[in-house]
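J.: Please find one structure pasted underneath; my questions will follow.
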Amino acid sequence: MVVTVEAARRGGEALGDSALRPDGVLKVTGEFAYSSDLWADDMVWGVTLRSPHPRARITGIDVSEALAVPGVHAVLTHEDVPGEKFYGLEHHDQPVLAIDQVRYQGEPVALVAADHPETARRARDRIRVGYEVLEPLTDARRAALDPSYPKVHGDRSNVVRHQPIRVGDMAHARRVAEVVVRGEYEVGMQDQAFLGPESGLAVPAEDGGVDLFVATQWLHVDQEQIAPCLGLPTGRVRLTLAGVGGAFGAREDLSMQIHACLLALRTGRPVKIVYGREESFFGHVHRHPARLRYEHGATRDGRLVYVDAEIVLDGGAYASSTSAVVGNAASLGVGPYEVPNVRLDAYGVYTNNPPCGAMRGFGAVQACFAYESQMDKVAEACGLDPVEVRIRNAVAEGSRLATGQVIDMPAPLAAMLEDARAFPAPPPTGTADVRDLPGGVSNTTHGEGVRRGVGYAVGIKNICYSEGFDDHSTARVRLETVGGEPAALVHTAAAEVGQGLVTLQAQIARTELGVRQVTVAPADTGVGSAGSSSASRQSYMTGGAVRAACEAVRERVIELAEERLGRSLPGASLHDGRVVAADGLAVASLAEVLAGRAVEETREFRHRRTTALDPLTGQGDSHVQFAFCVHRAVVDVDVELGLVKVVELAAVQDVGRILNPLALEGQIHGGSAQGLGLALMEEIQVRDGVVRNPSFTDYLIPTILDMPPMRTRILENADPHAPYGLRGAGEPPTLSSTPAIVAAVRDATGRPLTRIPVRPEHISCG
């Protein structure tokens with residue numbers, strides 16, 4: 001089934017409608033309260049002293065001058081950490097404050113609390129740290145493959161994870177392949193570039209614990225890391241989600257959370273920490289930069305025979321989620337194609353570069369750029385259309401991936417590629433308005449030296465967590481009468497990070513309980529974990545949990561109605577504030593049935609089981625669900641100056657079922673914009689472990705002038721294993737938009753373009 005977004009906008013508030021976001025107007029008018037707006041009486045300000053060196057031994061720390069500054073309430077070092085001194089998302093390898101050495105530029109060394117932020121900064125600058133500067137270890141490929149390369153973490157291997165994939169007989173495959181293409185590719189370090197910097201407020205509690213109000217993606221995993229470092233039981237560290245100004249993976253790891261809590265407990269006063277923009281670049285993880293080597297063998301008619309690949313992901317100084325990123329890059333490393341023979345090795349390594357972790361696409365982005373570039377090479381070598389070679393190799397329902405996992409859900413990839421190819425071509429760009437040309441208002445051209453190119457790409461992304469992780473979400477739903485009308489209260493710990501999850505939870509409750517009035521309680525740790533707002537999983541997981549809790553409430557309400565009426569109501573439902581019998585007749589109002597009582601149920605939702613990848617062969621049913629997106633990009637390129645104007649992006653995506661058309665369209669546009677940024681402009685420039693551009697002046701992100709018009713074609717092929725048949729939709733557009741844009745630039749210029757982001761010097765013929 002194909003549904004256009006415009007046709008689906010009905011303006012209601014149930015599932016399938018473009019329900020308005022309750023925070024939308026507040027955000028547009030500037031009235032929404034973000035975490036950086038938090039305030040408390042008697043509050044003091046916290047700041048962090050960070051290392052200027054990517055690798056150094058600490059020979060001493062003197063805080064006496066800082067403590068002497070009037071208005072300073074506390075200065076803390078690692079010696080003041082009362083509990084565990086290390087934390088981490090997957091491996092507890094990161095110190096709360098540096099102990100005897102620093103492993104990346106910007107590593108936290110000391111903390112200051114003062115009654116004014118400027119006082120705190122002045123005191124911070126008076127802390128004296130002795131450093132013995134060492135040569136940073138920044139070569140990720142040597143860290144992965146050279147046993148003699150020095151170790152970042154003492155005796156611990158530099159390899160966080162090596163995941164091989166082994167399928168078929170490579171020796172035989174090489175003999176029968178008639179066409180062989182090779183390529184080496186590089187992906188730069190991309191930043192999530194959220195607009196709301198890391199911030200939060202820690203308030204000491206009467207029970208000796210602490211209440212933390214913070215912008216995060218996963219309240220409970222924060223709690224599990226914070227409490228041991230504070231030396232407190234988990235229940236005495238309570239977290240409430242504050243307003244989040246974007247996330248995209250960077251808020252999965254801790255930033256200021258433990259630091260604010262330490263200062264609050266030491267001073268006995270509320271402590272607020274807000275990073276500036278430069279500090280934010282050092283305060284969160286980034287997308288793993290990668291070096292990828294690929295070799296594809298095919299028959300002369302373009303059918304893949306084998307893929308031989310090596311992927312090296314630079315995890316930086318600490319592990320974060322590198323292990324899982326490697327698992328994704330390996331398992332999805334040959335793309336959505338049927339390949340009978342595969343030898344692939346994916347590595348994630350420690351270096352003294354900035355730590356890297358989760359970012360939208362999570363390992364699949366890097367691999368997608370390489371394998372899609374290779375597919376264009378295969379097409380050229382075989383004399384085939386780039387779309388046709390993809391169609392001939394596309395997976396479908398029933399296909400077996402390189403990991404041995406069978407795709408047991410609709411996968412209409414060939415049809416999606418045909419749809420992308422069928423989009424009408426945008427009209428030629430005229431020269432009347434320079435804003436329509438590469439260089440824009442810089443007035444660098446009036447059309448001379450400008451060439452048009454078209455490119456295609458497709459990506460495959462896993463949804464939810466993988467490899468046997470016990471992924472679950474909890475929801476509590478309460479139904480009662482308020483002011484004589486039935487009203488529902490939904491409470492989860494799921495983080496609203498801008499994706500519209502609050503809206504969706506209310507839509508589910510309205511649909512399942514047949515009520516108009518729904519309140520979504522603030523997310524906090526007062527209810528069971530909802531998991532992270534990442535991996536495109538919250539609609540699937542928390543949506544599933546809210547539905548399950550609503551179903552339990554509905555069953556109880558119908559039981560109450562049966563007791564009241566003295567008869568059985570098989571097949572009854574709730575609709576428009578009434579209990580409705582199977583024949584469609586209303587038999588009682590909810591207000592009458594509830595009679596002043598409240599019905600409350602809590603449910604956990606778990607998806608089907610997954611398994612870890614075999615450490616030697618990479619075989620295993622590691623993923624819950626797969627999502628696909630196809631992009632066509634049209635670009636104009638000034639080949640003399642190396643400037644690119646993306647004229648149009650067109651996307652075809654299968655979402656299983658549309659739950660909120662407008663929010664869905666926003667996810668596709670947003671993911672495509674981040675892919676455009678990676679293709680053409682976004683990169684943290686790191687030289688010898690030192691970040692050269694920690695600002696939005698020098699780290700460029702797409703603006704409204706860079707983002708082209710978009711066409712979208714949204715397919716609904718329900719996944720029978722998922723709540724409502726949905727597929728996670730937020731990440732797939734980020735995968736395929738990048739290689740599609742680069743393919744279009746290649747088409748316009750004839751240049752190989754093996755590195756992203758593409759720079760003018762990679763293009764220019766002048």
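Labels for the structure tokens follow display order: chains A, B, ..., residues from 1 in each chain, ligands from 1.
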From stretch 325-449 of chain A, collect each residue whose DSSP state is alpha helix (DSSP H) and return the set as a PyMOL selection string.

T.: chain A and resi 325-331+364-382+386-393+413-422

J.: Deliver the residues from the most recent selection as a file, using C-alpha atoms, as a PDB file, in the first residue's frame.

T.:
ATOM      1  CA  VAL A 325      28.705  -0.041  16.453  1.00  0.00           C
ATOM      2  CA  VAL A 326      31.146  -2.687  15.226  1.00  0.00           C
ATOM      3  CA  GLY A 327      28.394  -5.302  15.382  1.00  0.00           C
ATOM      4  CA  ASN A 328      26.141  -3.147  13.209  1.00  0.00           C
ATOM      5  CA  ALA A 329      28.862  -2.263  10.715  1.00  0.00           C
ATOM      6  CA  ALA A 330      29.797  -5.931  10.352  1.00  0.00           C
ATOM      7  CA  SER A 331      26.323  -7.440  10.155  1.00  0.00           C
ATOM      8  CA  ALA A 364      25.559   1.340   9.253  1.00  0.00           C
ATOM      9  CA  VAL A 365      26.212   4.853   7.880  1.00  0.00           C
ATOM     10  CA  GLN A 366      29.923   4.298   7.386  1.00  0.00           C
ATOM     11  CA  ALA A 367      29.439   0.922   5.738  1.00  0.00           C
ATOM     12  CA  CYS A 368      26.653   2.232   3.499  1.00  0.00           C
ATOM     13  CA  PHE A 369      28.883   4.895   1.947  1.00  0.00           C
ATOM     14  CA  ALA A 370      31.440   2.244   1.025  1.00  0.00           C
ATOM     15  CA  TYR A 371      29.178  -0.529  -0.273  1.00  0.00           C
ATOM     16  CA  GLU A 372      27.003   1.888  -2.255  1.00  0.00           C
ATOM     17  CA  SER A 373      30.089   3.452  -3.827  1.00  0.00           C
ATOM     18  CA  GLN A 374      31.125  -0.070  -4.763  1.00  0.00           C
ATOM     19  CA  MET A 375      27.739  -0.849  -6.298  1.00  0.00           C
ATOM     20  CA  ASP A 376      28.173   2.120  -8.626  1.00  0.00           C
ATOM     21  CA  LYS A 377      31.580   0.740  -9.589  1.00  0.00           C
ATOM     22  CA  VAL A 378      30.052  -2.670 -10.301  1.00  0.00           C
ATOM     23  CA  ALA A 379      27.395  -1.026 -12.464  1.00  0.00           C
ATOM     24  CA  GLU A 380      30.010   0.893 -14.438  1.00  0.00           C
ATOM     25  CA  ALA A 381      32.221  -2.178 -14.910  1.00  0.00           C
ATOM     26  CA  CYS A 382      29.255  -4.216 -16.163  1.00  0.00           C
ATOM     27  CA  PRO A 386      23.162   1.958 -11.264  1.00  0.00           C
ATOM     28  CA  VAL A 387      19.567   1.266 -10.256  1.00  0.00           C
ATOM     29  CA  GLU A 388      19.389  -1.911 -12.321  1.00  0.00           C
ATOM     30  CA  VAL A 389      22.456  -3.464 -10.686  1.00  0.00           C
ATOM     31  CA  ARG A 390      20.890  -2.834  -7.300  1.00  0.00           C
ATOM     32  CA  ILE A 391      17.585  -4.370  -8.342  1.00  0.00           C
ATOM     33  CA  ARG A 392      19.324  -7.518  -9.592  1.00  0.00           C
ATOM     34  CA  ASN A 393      20.969  -8.043  -6.206  1.00  0.00           C
ATOM     35  CA  LEU A 413      13.424  -3.221  -2.093  1.00  0.00           C
ATOM     36  CA  ALA A 414      13.325  -3.829  -5.839  1.00  0.00           C
ATOM     37  CA  ALA A 415       9.980  -2.027  -6.099  1.00  0.00           C
ATOM     38  CA  MET A 416      11.320   0.839  -3.974  1.00  0.00           C
ATOM     39  CA  LEU A 417      14.259   1.240  -6.349  1.00  0.00           C
ATOM     40  CA  GLU A 418      11.881   1.312  -9.295  1.00  0.00           C
ATOM     41  CA  ASP A 419       9.839   3.966  -7.516  1.00  0.00           C
ATOM     42  CA  ALA A 420      12.933   6.090  -6.942  1.00  0.00           C
ATOM     43  CA  ARG A 421      13.931   5.816 -10.576  1.00  0.00           C
ATOM     44  CA  ALA A 422      10.402   6.824 -11.642  1.00  0.00           C
TER      45      ALA A 422
END

J.: Which polymer residues have any atom within 10 Å of an atom of stretch 29-40 of chain A, counting only C-alpha atoms, with same-chain residues fewer than 6 positions away left out, as a ChimeraX atom specification?

T.: /A:23,196-203,213-216,241-245,269-275

J.: Find the spatial neighbours of stretch 435-449 of chain A, counting only C-alpha atoms, within a cut-off of 10 Å - ignore same-chain residues fewer than 6 positions away - and output them as an NGL selection string.

T.: :A and (429 or 635-647 or 705-706 or 708 or 765-766)

J.: Excluding A:Tyr131 and its own-chain neighbours fewer than 5 positions away, which residues fall within 9 Å of it when counting only C-alpha atoms? Please give them as a ChimeraX atom specification.

T.: /A:53,56-60,101

J.: I'd like to know which of A:Val210, A:Cys356, A:Ala487, A:Ile704 is closest to A:Pro233, using only C-alpha atoms.

T.: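 Selected residue with least distance to A:Pro233: A:Val210.
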
J.: Hey, what's within 12 Å of A:Gly276 if we count only C-alpha atoms and toss same-chain stuff fewer than 4 positions away? As a list in words, please?

T.: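 Those residues are Ser36, Val47, Thr48, Pro117, Arg121, Leu195, Gly196, Pro197, Glu198, Ser199, Ser280, Phe281, Phe282, Gly283, Pro694, Ser695 and Phe696 of chain A.
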
J.: Compile the contact shell of A:Glu65 as number ranges by chain: residues with an atom at most 9 Å away, counting only C-alpha atoms, same-chain residues fewer than 2 positions apart removed.

T.: A: 62-63, 67-69, 123, 126-128

J.: Name the residues in contact with A:Asp654 at a cut-off of 8 Å, using only C-alpha atoms, excluding same-chain residues fewer than 2 positions from it; report them as a list in words.

T.: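 My list of contacting residues is Ala627, Phe628, Cys629, Val652, Gly656, Ile714, Leu715, Glu716, Asn717 and Arg727 of chain A.
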
J.: For the residues in the current selection, export C-alpha atoms as a compact mmCIF listing (two decimals), in the first residue's frame.

T.:
# COMPACT_ATOMS: atom_id res chain seq x y z
CA ALA A 627 14.24 -0.87 7.62
CA PHE A 628 15.04 0.33 4.11
CA CYS A 629 15.27 3.71 2.44
CA VAL A 652 11.27 6.12 -0.87
CA GLY A 656 5.30 -0.59 8.01
CA ILE A 714 6.05 6.31 1.83
CA LEU A 715 5.13 2.64 1.66
CA GLU A 716 3.13 0.71 4.25
CA ASN A 717 3.96 -3.00 4.35
CA ARG A 727 8.97 0.03 11.38

J.: If I take atom CA of A:Thr481 and atom CA of A:Gln505, how far is one from the other in Å, to one decimal?

T.: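 Atom CA of A:Gln505 lies 19.3 Å from atom CA of A:Thr481.
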
J.: So which one's closest to A:His623, A:Gln405, A:Thr542, A:Thr511, A:Ser672? Using only C-alpha atoms, please.

T.: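 Closest to A:His623 of all the choices is A:Gln405.
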
J.: Considering only C-alpha atoms, tabulate each residue of stretch 418-483 of chain A that lies at most 12 Å from stretch 546-553 of chain A along with its nearest interatomic pair and the corresponding distance in Å to one decimal; arrange the rows by chain and ascending residue number and present them as a Markdown table.

T.:
| residue | atom | partner | partner_atom | distance |
| --- | --- | --- | --- | --- |
| A:His472 | CA | A:Val546 | CA | 11.9 |
| A:Ser473 | CA | A:Val546 | CA | 8.9 |
| A:Thr474 | CA | A:Val546 | CA | 7.7 |
| A:Ala475 | CA | A:Val546 | CA | 5.3 |
| A:Arg476 | CA | A:Ala549 | CA | 6.3 |
| A:Val477 | CA | A:Ala549 | CA | 5.8 |
| A:Arg478 | CA | A:Val553 | CA | 7.5 |
| A:Leu479 | CA | A:Val553 | CA | 7.3 |
| A:Glu480 | CA | A:Val553 | CA | 10.5 |

J.: Could you find all residues in stretch 488-524 of chain A that DSSP calls strand (DSSP E) from the backbone, and write them as a VMD selection string?

T.: chain A and resid 488 to 491 517 to 520

J.: Rounded to one decimal in Å, what is the spacing between atom CA of A:Phe86 and atom CA of A:Gln685?

T.: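 One can read the atom CA of A:Phe86 to atom CA of A:Gln685 distance as 28.3 Å.
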
J.: Measuring between only C-alpha atoms, which one of A:Glu135, A:Asp93, A:Asp524, A:Glu84 shows the shortest distance to A:Ile258?

T.: A:Glu84

J.: When you count only C-alpha atoms, which of these residues is closest to A:Ala113: A:Ile99, A:Leu649, A:Val285, A:Leu262?

T.: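 Distance minimum relative to A:Ala113 lands on A:Leu262.
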
J.: Atom CA of A:Ala740 and atom CA of A:Arg755, how far apart in Å?

T.: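 That distance, rounded to one decimal, is 13.6 Å.
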
J.: Would you please work out which residue, of A:Ala114, A:Val434, A:Leu26, A:Ala545, is nearest to A:Ile508 when using only C-alpha atoms?

T.: A:Ala545

J.: Pick out the closest residue to A:Leu680 from this set: A:Glu604, A:Glu665, A:Asp747, A:Glu761. Count only C-alpha atoms.

T.: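 Among the listed residues, A:Glu761 lies closest to A:Leu680.
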